[in-house]
file start_36.cif (mmCIF, N, CA, C and O atoms and all ligand atoms)
data_upload
#
loop_
_atom_site.label_atom_id
_atom_site.label_comp_id
_atom_site.auth_asym_id
_atom_site.auth_seq_id
_atom_site.Cartn_x
_atom_site.Cartn_y
_atom_site.Cartn_z
N MET T 144 -8.15 -16.05 -10.48
CA MET T 144 -7.61 -16.11 -9.11
C MET T 144 -8.67 -15.61 -8.15
O MET T 144 -9.27 -14.57 -8.36
N SER T 145 -8.91 -16.35 -7.08
CA SER T 145 -9.90 -15.92 -6.10
C SER T 145 -9.20 -15.24 -4.93
O SER T 145 -8.01 -15.43 -4.71
N GLU T 146 -9.98 -14.44 -4.22
CA GLU T 146 -9.39 -13.71 -3.10
C GLU T 146 -8.95 -14.68 -2.02
O GLU T 146 -9.61 -15.67 -1.75
N VAL T 147 -7.82 -14.37 -1.43
CA VAL T 147 -7.28 -15.24 -0.40
C VAL T 147 -7.18 -14.48 0.92
O VAL T 147 -7.07 -13.26 0.94
N LYS T 148 -7.24 -15.23 1.99
CA LYS T 148 -6.93 -14.68 3.30
C LYS T 148 -5.53 -15.15 3.65
O LYS T 148 -5.17 -16.31 3.44
N THR T 149 -4.73 -14.22 4.14
CA THR T 149 -3.35 -14.55 4.47
C THR T 149 -3.12 -14.32 5.96
O THR T 149 -3.84 -13.54 6.58
N PRO T 150 -2.11 -14.98 6.51
CA PRO T 150 -1.63 -14.52 7.82
C PRO T 150 -1.12 -13.10 7.64
O PRO T 150 -0.85 -12.70 6.51
N PRO T 151 -0.97 -12.34 8.72
CA PRO T 151 -0.48 -10.97 8.58
C PRO T 151 0.83 -10.94 7.78
O PRO T 151 1.71 -11.78 7.97
N VAL T 152 0.91 -9.98 6.85
CA VAL T 152 2.09 -9.82 5.99
C VAL T 152 2.76 -8.50 6.35
O VAL T 152 2.12 -7.46 6.36
N ARG T 153 4.05 -8.57 6.66
CA ARG T 153 4.75 -7.36 7.03
C ARG T 153 4.85 -6.40 5.84
O ARG T 153 5.14 -6.81 4.72
N ALA T 154 4.62 -5.12 6.11
CA ALA T 154 4.73 -4.09 5.08
C ALA T 154 6.13 -3.50 5.13
O ALA T 154 6.43 -2.64 5.96
N GLN T 155 6.98 -3.99 4.26
CA GLN T 155 8.38 -3.54 4.22
C GLN T 155 8.52 -2.35 3.31
O GLN T 155 8.08 -2.38 2.15
N HIS T 156 9.13 -1.29 3.80
CA HIS T 156 9.38 -0.12 2.97
C HIS T 156 10.58 -0.36 2.09
O HIS T 156 11.69 -0.63 2.58
N ILE T 157 10.38 -0.30 0.77
CA ILE T 157 11.48 -0.47 -0.18
C ILE T 157 11.53 0.78 -1.05
O ILE T 157 10.85 0.87 -2.08
N PRO T 158 12.33 1.78 -0.63
CA PRO T 158 12.34 3.04 -1.37
C PRO T 158 12.97 2.94 -2.75
O PRO T 158 12.66 3.74 -3.63
N ASP T 159 13.84 1.96 -2.93
CA ASP T 159 14.54 1.83 -4.21
C ASP T 159 13.63 1.18 -5.25
O ASP T 159 13.19 0.04 -5.09
N LYS T 160 13.39 1.92 -6.33
CA LYS T 160 12.45 1.47 -7.36
C LYS T 160 12.83 0.11 -7.92
O LYS T 160 11.99 -0.79 -8.06
N ALA T 161 14.09 -0.07 -8.24
CA ALA T 161 14.53 -1.31 -8.87
C ALA T 161 14.45 -2.50 -7.92
O ALA T 161 14.29 -3.64 -8.36
N ALA T 162 14.56 -2.23 -6.61
CA ALA T 162 14.42 -3.31 -5.64
C ALA T 162 12.94 -3.61 -5.39
O ALA T 162 12.57 -4.74 -5.06
N PHE T 163 12.11 -2.58 -5.56
CA PHE T 163 10.67 -2.75 -5.32
C PHE T 163 10.01 -3.59 -6.40
O PHE T 163 9.25 -4.50 -6.13
N HIS T 164 10.33 -3.25 -7.67
CA HIS T 164 9.74 -4.04 -8.74
C HIS T 164 10.70 -4.19 -9.90
O HIS T 164 11.53 -3.32 -10.16
N ILE T 165 10.57 -5.30 -10.58
CA ILE T 165 11.36 -5.55 -11.78
C ILE T 165 10.38 -5.86 -12.89
O ILE T 165 9.61 -6.82 -12.81
N GLY T 166 10.39 -5.01 -13.91
CA GLY T 166 9.48 -5.22 -15.03
C GLY T 166 8.02 -5.25 -14.61
O GLY T 166 7.23 -6.01 -15.15
N GLY T 167 7.67 -4.42 -13.64
CA GLY T 167 6.28 -4.34 -13.21
C GLY T 167 5.87 -5.43 -12.24
O GLY T 167 4.70 -5.49 -11.83
N VAL T 168 6.79 -6.30 -11.87
CA VAL T 168 6.49 -7.37 -10.92
C VAL T 168 7.11 -7.04 -9.57
O VAL T 168 8.34 -6.90 -9.46
N GLY T 169 6.26 -6.90 -8.57
CA GLY T 169 6.75 -6.61 -7.23
C GLY T 169 7.60 -7.75 -6.71
O GLY T 169 7.34 -8.92 -7.00
N GLN T 170 8.64 -7.41 -5.95
CA GLN T 170 9.60 -8.42 -5.51
C GLN T 170 9.30 -8.98 -4.12
O GLN T 170 9.70 -10.09 -3.80
N VAL T 171 8.61 -8.18 -3.30
CA VAL T 171 8.33 -8.61 -1.93
C VAL T 171 6.85 -8.36 -1.61
O VAL T 171 6.42 -7.21 -1.57
N PRO T 172 6.07 -9.43 -1.42
CA PRO T 172 4.64 -9.23 -1.09
C PRO T 172 4.47 -8.30 0.11
O PRO T 172 5.15 -8.47 1.13
N GLY T 173 3.59 -7.33 -0.02
CA GLY T 173 3.31 -6.42 1.07
C GLY T 173 4.24 -5.23 1.17
O GLY T 173 4.02 -4.34 1.99
N SER T 174 5.28 -5.21 0.33
CA SER T 174 6.21 -4.08 0.39
C SER T 174 5.58 -2.85 -0.24
O SER T 174 4.58 -2.94 -0.97
N PHE T 175 6.17 -1.69 0.04
CA PHE T 175 5.60 -0.44 -0.47
C PHE T 175 6.69 0.59 -0.69
O PHE T 175 7.79 0.51 -0.11
N ARG T 176 6.38 1.56 -1.52
CA ARG T 176 7.20 2.76 -1.66
C ARG T 176 6.26 3.93 -1.88
O ARG T 176 5.16 3.78 -2.40
N ILE T 177 6.70 5.11 -1.48
CA ILE T 177 5.82 6.27 -1.49
C ILE T 177 6.46 7.41 -2.26
O ILE T 177 7.63 7.74 -2.04
N GLY T 178 5.70 8.00 -3.18
CA GLY T 178 6.20 9.11 -3.98
C GLY T 178 6.21 10.42 -3.20
O GLY T 178 5.69 10.51 -2.08
N GLU T 179 6.82 11.41 -3.80
CA GLU T 179 6.85 12.74 -3.20
C GLU T 179 5.47 13.37 -3.28
O GLU T 179 4.70 13.10 -4.21
N PRO T 180 5.14 14.22 -2.29
CA PRO T 180 3.82 14.87 -2.33
C PRO T 180 3.74 15.90 -3.46
O PRO T 180 4.74 16.55 -3.79
N ASP T 181 2.54 16.02 -4.04
CA ASP T 181 2.32 17.08 -5.03
C ASP T 181 1.90 18.36 -4.31
O ASP T 181 1.99 18.45 -3.08
N ASP T 182 1.42 19.34 -5.05
CA ASP T 182 1.09 20.65 -4.46
C ASP T 182 0.01 20.54 -3.40
O ASP T 182 -0.03 21.35 -2.46
N ASP T 183 -0.88 19.56 -3.55
CA ASP T 183 -1.96 19.37 -2.58
C ASP T 183 -1.55 18.44 -1.44
O ASP T 183 -2.37 18.13 -0.57
N GLY T 184 -0.32 17.97 -1.46
CA GLY T 184 0.13 17.05 -0.43
C GLY T 184 -0.26 15.61 -0.69
O GLY T 184 -0.06 14.74 0.15
N GLU T 185 -0.81 15.35 -1.89
CA GLU T 185 -1.19 13.98 -2.22
C GLU T 185 0.02 13.22 -2.74
O GLU T 185 0.89 13.78 -3.41
N ARG T 186 0.06 11.95 -2.40
CA ARG T 186 1.19 11.11 -2.83
C ARG T 186 0.67 9.81 -3.39
O ARG T 186 -0.44 9.38 -3.08
N TYR T 187 1.53 9.15 -4.16
CA TYR T 187 1.24 7.78 -4.56
C TYR T 187 1.88 6.82 -3.57
O TYR T 187 3.06 6.94 -3.24
N PHE T 188 1.06 5.91 -3.09
CA PHE T 188 1.52 4.85 -2.21
C PHE T 188 1.46 3.57 -3.05
O PHE T 188 0.38 3.04 -3.32
N TRP T 189 2.63 3.12 -3.52
CA TRP T 189 2.67 1.90 -4.33
C TRP T 189 2.87 0.71 -3.39
O TRP T 189 3.71 0.75 -2.48
N TYR T 190 2.08 -0.34 -3.61
CA TYR T 190 2.23 -1.52 -2.77
C TYR T 190 2.23 -2.77 -3.64
O TYR T 190 1.67 -2.78 -4.74
N CYS T 191 2.87 -3.78 -3.12
CA CYS T 191 2.89 -5.10 -3.77
C CYS T 191 1.82 -5.94 -3.09
O CYS T 191 1.81 -6.09 -1.87
N CYS T 192 0.91 -6.48 -3.88
CA CYS T 192 -0.25 -7.22 -3.35
C CYS T 192 0.18 -8.23 -2.28
O CYS T 192 1.08 -9.04 -2.51
N PRO T 193 -0.46 -8.17 -1.11
CA PRO T 193 -0.08 -9.08 -0.02
C PRO T 193 -0.32 -10.56 -0.34
O PRO T 193 0.22 -11.42 0.36
N CYS T 194 -1.11 -10.85 -1.36
CA CYS T 194 -1.46 -12.26 -1.62
C CYS T 194 -0.28 -13.06 -2.15
O CYS T 194 -0.32 -14.29 -2.14
N GLY T 195 0.76 -12.37 -2.64
CA GLY T 195 1.92 -13.10 -3.13
C GLY T 195 1.99 -13.22 -4.64
O GLY T 195 2.89 -13.87 -5.18
N CYS T 196 1.05 -12.57 -5.35
CA CYS T 196 1.00 -12.69 -6.82
C CYS T 196 2.04 -11.82 -7.52
O CYS T 196 2.31 -12.00 -8.70
N GLY T 197 2.57 -10.82 -6.81
CA GLY T 197 3.57 -9.95 -7.42
C GLY T 197 3.01 -8.71 -8.10
O GLY T 197 3.79 -7.89 -8.59
N SER T 198 1.69 -8.58 -8.15
CA SER T 198 1.16 -7.38 -8.81
C SER T 198 1.33 -6.16 -7.91
O SER T 198 1.30 -6.26 -6.68
N ILE T 199 1.54 -5.02 -8.55
CA ILE T 199 1.71 -3.77 -7.82
C ILE T 199 0.63 -2.79 -8.25
O ILE T 199 0.12 -2.86 -9.37
N ALA T 200 0.27 -1.89 -7.34
CA ALA T 200 -0.79 -0.93 -7.62
C ALA T 200 -0.55 0.32 -6.80
O ALA T 200 0.05 0.26 -5.72
N PRO T 201 -1.00 1.48 -7.33
CA PRO T 201 -0.86 2.72 -6.59
C PRO T 201 -2.15 3.10 -5.87
O PRO T 201 -3.25 2.86 -6.37
N LEU T 202 -2.00 3.67 -4.69
CA LEU T 202 -3.12 4.30 -3.99
C LEU T 202 -2.79 5.78 -3.85
O LEU T 202 -1.63 6.15 -3.72
N THR T 203 -3.81 6.62 -3.88
CA THR T 203 -3.61 8.04 -3.60
C THR T 203 -3.77 8.26 -2.11
O THR T 203 -4.82 7.91 -1.54
N VAL T 204 -2.72 8.77 -1.48
CA VAL T 204 -2.78 8.95 -0.02
C VAL T 204 -2.38 10.37 0.36
O VAL T 204 -1.71 11.08 -0.38
N GLY T 205 -2.80 10.77 1.55
CA GLY T 205 -2.34 12.00 2.16
C GLY T 205 -1.77 11.65 3.53
O GLY T 205 -2.26 10.72 4.19
N GLU T 206 -0.71 12.36 3.92
CA GLU T 206 -0.13 12.11 5.24
C GLU T 206 -0.98 12.81 6.29
O GLU T 206 -0.94 14.04 6.42
N GLY T 207 -1.76 12.01 7.00
CA GLY T 207 -2.61 12.56 8.05
C GLY T 207 -3.93 13.13 7.56
O GLY T 207 -4.68 13.70 8.35
N PHE T 208 -4.20 12.98 6.28
CA PHE T 208 -5.51 13.42 5.76
C PHE T 208 -5.89 12.58 4.56
O PHE T 208 -5.04 11.94 3.93
N LYS T 209 -7.20 12.57 4.28
CA LYS T 209 -7.71 11.82 3.13
C LYS T 209 -7.90 12.80 1.97
O LYS T 209 -8.71 13.72 2.08
N PRO T 210 -7.12 12.63 0.89
CA PRO T 210 -7.27 13.54 -0.25
C PRO T 210 -8.71 13.59 -0.77
O PRO T 210 -9.43 12.58 -0.74
N ALA T 211 -9.09 14.77 -1.23
CA ALA T 211 -10.48 14.98 -1.66
C ALA T 211 -10.81 14.17 -2.90
O ALA T 211 -11.95 13.74 -3.08
N ASP T 212 -9.80 14.00 -3.77
CA ASP T 212 -10.05 13.25 -5.01
C ASP T 212 -10.07 11.77 -4.70
O ASP T 212 -9.03 11.18 -4.43
N GLY T 213 -11.27 11.18 -4.76
CA GLY T 213 -11.37 9.77 -4.42
C GLY T 213 -11.11 8.88 -5.61
O GLY T 213 -11.14 9.36 -6.73
N PRO T 214 -10.90 7.57 -5.41
CA PRO T 214 -10.69 6.94 -4.09
C PRO T 214 -9.34 7.34 -3.51
O PRO T 214 -8.38 7.53 -4.24
N SER T 215 -9.31 7.45 -2.21
CA SER T 215 -8.07 7.88 -1.56
C SER T 215 -8.03 7.33 -0.14
O SER T 215 -9.03 6.84 0.39
N TRP T 216 -6.83 7.42 0.45
CA TRP T 216 -6.60 6.85 1.78
C TRP T 216 -5.82 7.83 2.65
O TRP T 216 -5.04 8.63 2.13
N THR T 217 -6.05 7.72 3.94
CA THR T 217 -5.23 8.46 4.90
C THR T 217 -4.06 7.58 5.32
O THR T 217 -4.25 6.44 5.74
N TRP T 218 -2.85 8.11 5.18
CA TRP T 218 -1.64 7.41 5.60
C TRP T 218 -1.15 8.07 6.88
O TRP T 218 -1.18 9.29 6.99
N ASN T 219 -0.68 7.27 7.84
CA ASN T 219 -0.27 7.82 9.14
C ASN T 219 1.12 8.45 9.11
O ASN T 219 1.59 8.96 10.14
N GLY T 220 1.80 8.41 7.97
CA GLY T 220 3.10 9.07 7.85
C GLY T 220 4.28 8.21 8.27
O GLY T 220 5.43 8.66 8.19
N SER T 221 4.01 6.99 8.71
CA SER T 221 5.08 6.11 9.18
C SER T 221 5.59 5.19 8.08
O SER T 221 4.80 4.63 7.31
N PHE T 222 6.93 5.05 8.01
CA PHE T 222 7.52 4.07 7.10
C PHE T 222 7.79 2.74 7.81
O PHE T 222 7.89 1.70 7.18
N ASP T 223 7.94 2.79 9.13
CA ASP T 223 8.23 1.58 9.91
C ASP T 223 6.97 0.84 10.30
O ASP T 223 6.95 -0.40 10.34
N ALA T 224 5.93 1.61 10.63
CA ALA T 224 4.66 1.00 11.05
C ALA T 224 3.51 1.73 10.35
O ALA T 224 2.69 2.39 10.97
N PRO T 225 3.49 1.60 9.00
CA PRO T 225 2.48 2.35 8.25
C PRO T 225 1.06 1.85 8.52
O PRO T 225 0.85 0.67 8.82
N GLU T 226 0.13 2.78 8.43
CA GLU T 226 -1.29 2.45 8.52
C GLU T 226 -2.02 3.23 7.44
O GLU T 226 -1.66 4.36 7.13
N LEU T 227 -3.04 2.57 6.88
CA LEU T 227 -3.91 3.20 5.89
C LEU T 227 -5.35 3.07 6.33
O LEU T 227 -5.76 2.05 6.89
N THR T 228 -6.11 4.11 6.06
CA THR T 228 -7.56 4.10 6.31
C THR T 228 -8.24 4.68 5.08
O THR T 228 -7.80 5.73 4.59
N PRO T 229 -9.28 4.06 4.54
CA PRO T 229 -9.94 2.82 4.98
C PRO T 229 -9.18 1.56 4.53
O PRO T 229 -7.99 1.64 4.23
N SER T 230 -9.87 0.44 4.49
CA SER T 230 -9.26 -0.83 4.10
C SER T 230 -8.86 -0.80 2.63
O SER T 230 -9.33 0.03 1.85
N VAL T 231 -7.99 -1.73 2.27
CA VAL T 231 -7.48 -1.82 0.90
C VAL T 231 -8.02 -3.10 0.27
O VAL T 231 -7.89 -4.19 0.84
N HIS T 232 -8.63 -2.92 -0.90
CA HIS T 232 -9.19 -4.07 -1.61
C HIS T 232 -8.48 -4.22 -2.95
O HIS T 232 -8.71 -3.44 -3.87
N HIS T 233 -7.60 -5.18 -3.03
CA HIS T 233 -6.95 -5.51 -4.30
C HIS T 233 -7.85 -6.53 -4.96
O HIS T 233 -7.78 -7.74 -4.69
N ARG T 234 -8.76 -6.01 -5.79
CA ARG T 234 -9.90 -6.78 -6.27
C ARG T 234 -9.50 -8.13 -6.87
O ARG T 234 -8.59 -8.20 -7.70
N GLY T 235 -10.19 -9.16 -6.43
CA GLY T 235 -9.91 -10.50 -6.93
C GLY T 235 -8.72 -11.17 -6.27
O GLY T 235 -8.40 -12.33 -6.58
N HIS T 236 -8.05 -10.46 -5.36
CA HIS T 236 -6.83 -11.00 -4.74
C HIS T 236 -6.89 -11.03 -3.22
O HIS T 236 -6.69 -12.08 -2.60
N TRP T 237 -7.15 -9.84 -2.66
CA TRP T 237 -6.93 -9.70 -1.22
C TRP T 237 -7.70 -8.47 -0.74
O TRP T 237 -7.80 -7.48 -1.45
N HIS T 238 -8.24 -8.57 0.47
CA HIS T 238 -8.94 -7.42 1.07
C HIS T 238 -8.59 -7.38 2.55
O HIS T 238 -8.69 -8.39 3.24
N GLY T 239 -8.15 -6.23 3.00
CA GLY T 239 -7.83 -6.13 4.42
C GLY T 239 -7.32 -4.74 4.78
O GLY T 239 -7.50 -3.78 4.03
N TRP T 240 -6.69 -4.67 5.95
CA TRP T 240 -6.24 -3.41 6.51
C TRP T 240 -4.73 -3.40 6.64
O TRP T 240 -4.12 -4.42 6.95
N LEU T 241 -4.16 -2.23 6.41
CA LEU T 241 -2.76 -2.01 6.76
C LEU T 241 -2.75 -1.33 8.12
O LEU T 241 -3.17 -0.17 8.27
N ARG T 242 -2.30 -2.09 9.12
CA ARG T 242 -2.34 -1.63 10.50
C ARG T 242 -1.01 -1.92 11.18
O ARG T 242 -0.54 -3.07 11.14
N ASN T 243 -0.40 -0.88 11.78
CA ASN T 243 0.83 -1.08 12.54
C ASN T 243 1.88 -1.87 11.75
O ASN T 243 2.53 -2.76 12.30
N GLY T 244 2.00 -1.54 10.47
CA GLY T 244 3.05 -2.16 9.65
C GLY T 244 2.75 -3.56 9.17
O GLY T 244 3.64 -4.25 8.67
N GLU T 245 1.49 -4.00 9.29
CA GLU T 245 1.12 -5.32 8.81
C GLU T 245 -0.18 -5.27 8.02
O GLU T 245 -1.12 -4.57 8.40
N TRP T 246 -0.17 -6.04 6.93
CA TRP T 246 -1.40 -6.23 6.15
C TRP T 246 -2.19 -7.36 6.79
O TRP T 246 -1.69 -8.50 6.87
N VAL T 247 -3.38 -7.05 7.23
CA VAL T 247 -4.21 -8.02 7.95
C VAL T 247 -5.48 -8.28 7.16
O VAL T 247 -6.26 -7.34 6.91
N SER T 248 -5.71 -9.53 6.78
CA SER T 248 -6.91 -9.90 6.02
C SER T 248 -8.17 -9.56 6.79
O SER T 248 -8.21 -9.66 8.03
N CYS T 249 -9.21 -9.19 6.03
CA CYS T 249 -10.52 -8.96 6.66
C CYS T 249 -11.10 -10.30 7.13
O CYS T 249 -10.92 -11.29 6.49
ZN ZN J 1 -2.45 -10.59 -5.52
#

call {"tool": "encode", "arguments": {"input": "start_36.cif", "output": "structure tokens"}}
result
Amino acid sequence: MSEVKTPPVRAQHIPDKAAFHIGGVGQVPGSFRIGEPDDDGERYFWYCCPCGCGSIAPLTVGEGFKPADGPSWTWNGSFDAPELTPSVHHRGHWHGWLRNGEWVSC
């Protein structure tokens, strides 16, 4: 599969695990759920690849900070209009930015 460019994909927050994925297959492209913070305030940000393939992957994020253990991302703390910095590269599938609640291709 080669990387694709997509129109902006809305990042829908799906807190319910069973609604987010079934058998490891994400149900809604671009959707996400976020785990509870650990002692350092780091969380897992699980997202469903925006390309539409259904694969899911975790990112290590901090709310308002970039965790020291890389690779990691800064999350703006929003569930309605989430943003991540830096860009997200789902290798072989999609590369872009999560900005104002939308996944935008590079
Ligand atoms: Zn994909």

call {"tool": "select_by_dssp", "arguments": {"input": "start_36.cif", "residues": "chain T", "states": "alpha helix (DSSP H)", "output": "PyMOL selection string"}}
result
chain T and resi 160-163

call {"tool": "select_by_dssp", "arguments": {"input": "start_36.cif", "residues": "stretch 152-245 of chain T", "states": "strand (DSSP E or B)", "output": "PyMOL selection string"}}
result
chain T and resi 152-153+156+164-165+168-169+175-177+185-191+199-206+216-218+227-228+231-233+237-242+245

call {"tool": "residues_near_ligand", "arguments": {"input": "start_36.cif", "ligand": "ligand ZN 1 (chain J)", "cutoff": "4.5 Å", "atoms": "all atoms listed in the file", "output": "NGL selection string"}}
result
:T and (194 or 196 or 236)

call {"tool": "closest_residue", "arguments": {"input": "start_36.cif", "among": "T:Phe208, T:Trp237, T:Phe175, T:Phe222", "to": "T:Lys148", "atoms": "only N, CA, C and O atoms"}}
result
T:Trp237

call {"tool": "closest_residue", "arguments": {"input": "start_36.cif", "among": "T:Leu202, T:Gly197, T:Gly239, T:Ser248", "to": "T:Gly178", "atoms": "all atoms listed in the file"}}
result
T:Leu202

call {"tool": "decode", "arguments": {"input": "start_36.cif", "residues": "stretch 147-229 of chain T", "atoms": "C-alpha atoms", "output": "mmCIF file, in the first residue's frame"}}
result
data_model
loop_
_atom_site.group_PDB
_atom_site.id
_atom_site.type_symbol
_atom_site.label_atom_id
_atom_site.label_comp_id
_atom_site.auth_asym_id
_atom_site.auth_seq_id
_atom_site.Cartn_x
_atom_site.Cartn_y
_atom_site.Cartn_z
ATOM 1 C CA VAL T 147 -2.226 8.480 0.103
ATOM 2 C CA LYS T 148 -3.305 12.065 0.397
ATOM 3 C CA THR T 149 -6.825 12.482 1.683
ATOM 4 C CA PRO T 150 -9.228 15.363 2.001
ATOM 5 C CA PRO T 151 -9.323 16.477 5.640
ATOM 6 C CA VAL T 152 -10.633 13.666 7.873
ATOM 7 C CA ARG T 153 -12.530 14.560 11.013
ATOM 8 C CA ALA T 154 -10.959 13.258 14.225
ATOM 9 C CA GLN T 155 -13.890 11.781 16.113
ATOM 10 C CA HIS T 156 -13.379 10.981 19.774
ATOM 11 C CA ILE T 157 -14.605 7.451 20.494
ATOM 12 C CA PRO T 158 -13.962 6.752 24.179
ATOM 13 C CA ASP T 159 -15.632 3.349 24.100
ATOM 14 C CA LYS T 160 -13.047 0.686 23.323
ATOM 15 C CA ALA T 161 -15.465 -1.693 21.620
ATOM 16 C CA ALA T 162 -16.821 1.087 19.413
ATOM 17 C CA PHE T 163 -13.309 2.269 18.572
ATOM 18 C CA HIS T 164 -12.006 -1.067 17.362
ATOM 19 C CA ILE T 165 -13.210 -4.588 16.824
ATOM 20 C CA GLY T 166 -10.560 -7.275 16.767
ATOM 21 C CA GLY T 167 -7.817 -4.707 16.278
ATOM 22 C CA VAL T 168 -9.567 -3.088 13.315
ATOM 23 C CA GLY T 169 -10.496 0.554 13.765
ATOM 24 C CA GLN T 170 -14.117 1.300 12.936
ATOM 25 C CA VAL T 171 -13.927 4.977 11.971
ATOM 26 C CA PRO T 172 -10.978 6.427 10.004
ATOM 27 C CA GLY T 173 -9.399 9.283 11.932
ATOM 28 C CA SER T 174 -11.116 8.441 15.205
ATOM 29 C CA PHE T 175 -9.165 8.377 18.453
ATOM 30 C CA ARG T 176 -9.291 7.471 22.112
ATOM 31 C CA ILE T 177 -6.936 8.535 24.866
ATOM 32 C CA GLY T 178 -5.738 6.567 27.880
ATOM 33 C CA GLU T 179 -5.353 7.824 31.412
ATOM 34 C CA PRO T 180 -2.124 9.652 32.229
ATOM 35 C CA ASP T 181 0.642 7.759 34.003
ATOM 36 C CA ASP T 182 2.773 9.182 36.831
ATOM 37 C CA ASP T 183 4.670 11.396 34.381
ATOM 38 C CA GLY T 184 1.465 12.626 32.760
ATOM 39 C CA GLU T 185 2.130 10.632 29.609
ATOM 40 C CA ARG T 186 -0.810 9.054 27.843
ATOM 41 C CA TYR T 187 -1.494 6.786 24.927
ATOM 42 C CA PHE T 188 -3.298 8.475 22.082
ATOM 43 C CA TRP T 189 -4.765 5.682 19.949
ATOM 44 C CA TYR T 190 -5.866 6.666 16.466
ATOM 45 C CA CYS T 191 -7.363 4.937 13.473
ATOM 46 C CA CYS T 192 -5.296 5.606 10.347
ATOM 47 C CA PRO T 193 -6.897 8.452 8.358
ATOM 48 C CA CYS T 194 -6.262 6.632 5.066
ATOM 49 C CA GLY T 195 -9.234 4.336 5.628
ATOM 50 C CA CYS T 196 -7.327 1.051 6.033
ATOM 51 C CA GLY T 197 -8.632 0.427 9.552
ATOM 52 C CA SER T 198 -5.253 0.034 11.214
ATOM 53 C CA ILE T 199 -4.833 1.516 14.667
ATOM 54 C CA ALA T 200 -1.686 2.717 16.398
ATOM 55 C CA PRO T 201 -0.703 4.375 19.676
ATOM 56 C CA LEU T 202 1.207 7.613 20.088
ATOM 57 C CA THR T 203 2.770 8.750 23.359
ATOM 58 C CA VAL T 204 1.394 12.185 24.161
ATOM 59 C CA GLY T 205 1.424 14.736 26.943
ATOM 60 C CA GLU T 206 -1.331 17.268 27.546
ATOM 61 C CA GLY T 207 0.366 20.559 26.806
ATOM 62 C CA PHE T 208 3.865 19.100 26.794
ATOM 63 C CA LYS T 209 6.022 16.742 24.775
ATOM 64 C CA PRO T 210 7.032 13.694 26.846
ATOM 65 C CA ALA T 211 10.784 13.253 27.177
ATOM 66 C CA ASP T 212 10.680 9.637 26.040
ATOM 67 C CA GLY T 213 10.604 9.852 22.277
ATOM 68 C CA PRO T 214 8.994 9.534 19.862
ATOM 69 C CA SER T 215 6.268 11.603 21.422
ATOM 70 C CA TRP T 216 3.748 14.332 20.673
ATOM 71 C CA THR T 217 2.229 17.339 22.362
ATOM 72 C CA TRP T 218 -1.569 17.095 22.597
ATOM 73 C CA ASN T 219 -3.576 20.293 23.138
ATOM 74 C CA GLY T 220 -5.919 18.579 25.619
ATOM 75 C CA SER T 221 -9.022 18.939 23.449
ATOM 76 C CA PHE T 222 -11.375 16.069 22.620
ATOM 77 C CA ASP T 223 -13.542 18.192 20.289
ATOM 78 C CA ALA T 224 -10.758 19.917 18.372
ATOM 79 C CA PRO T 225 -7.626 17.911 19.110
ATOM 80 C CA GLU T 226 -4.227 18.964 17.841
ATOM 81 C CA LEU T 227 -0.930 17.096 17.852
ATOM 82 C CA THR T 228 2.581 18.405 17.349
ATOM 83 C CA PRO T 229 4.672 17.388 15.437
#
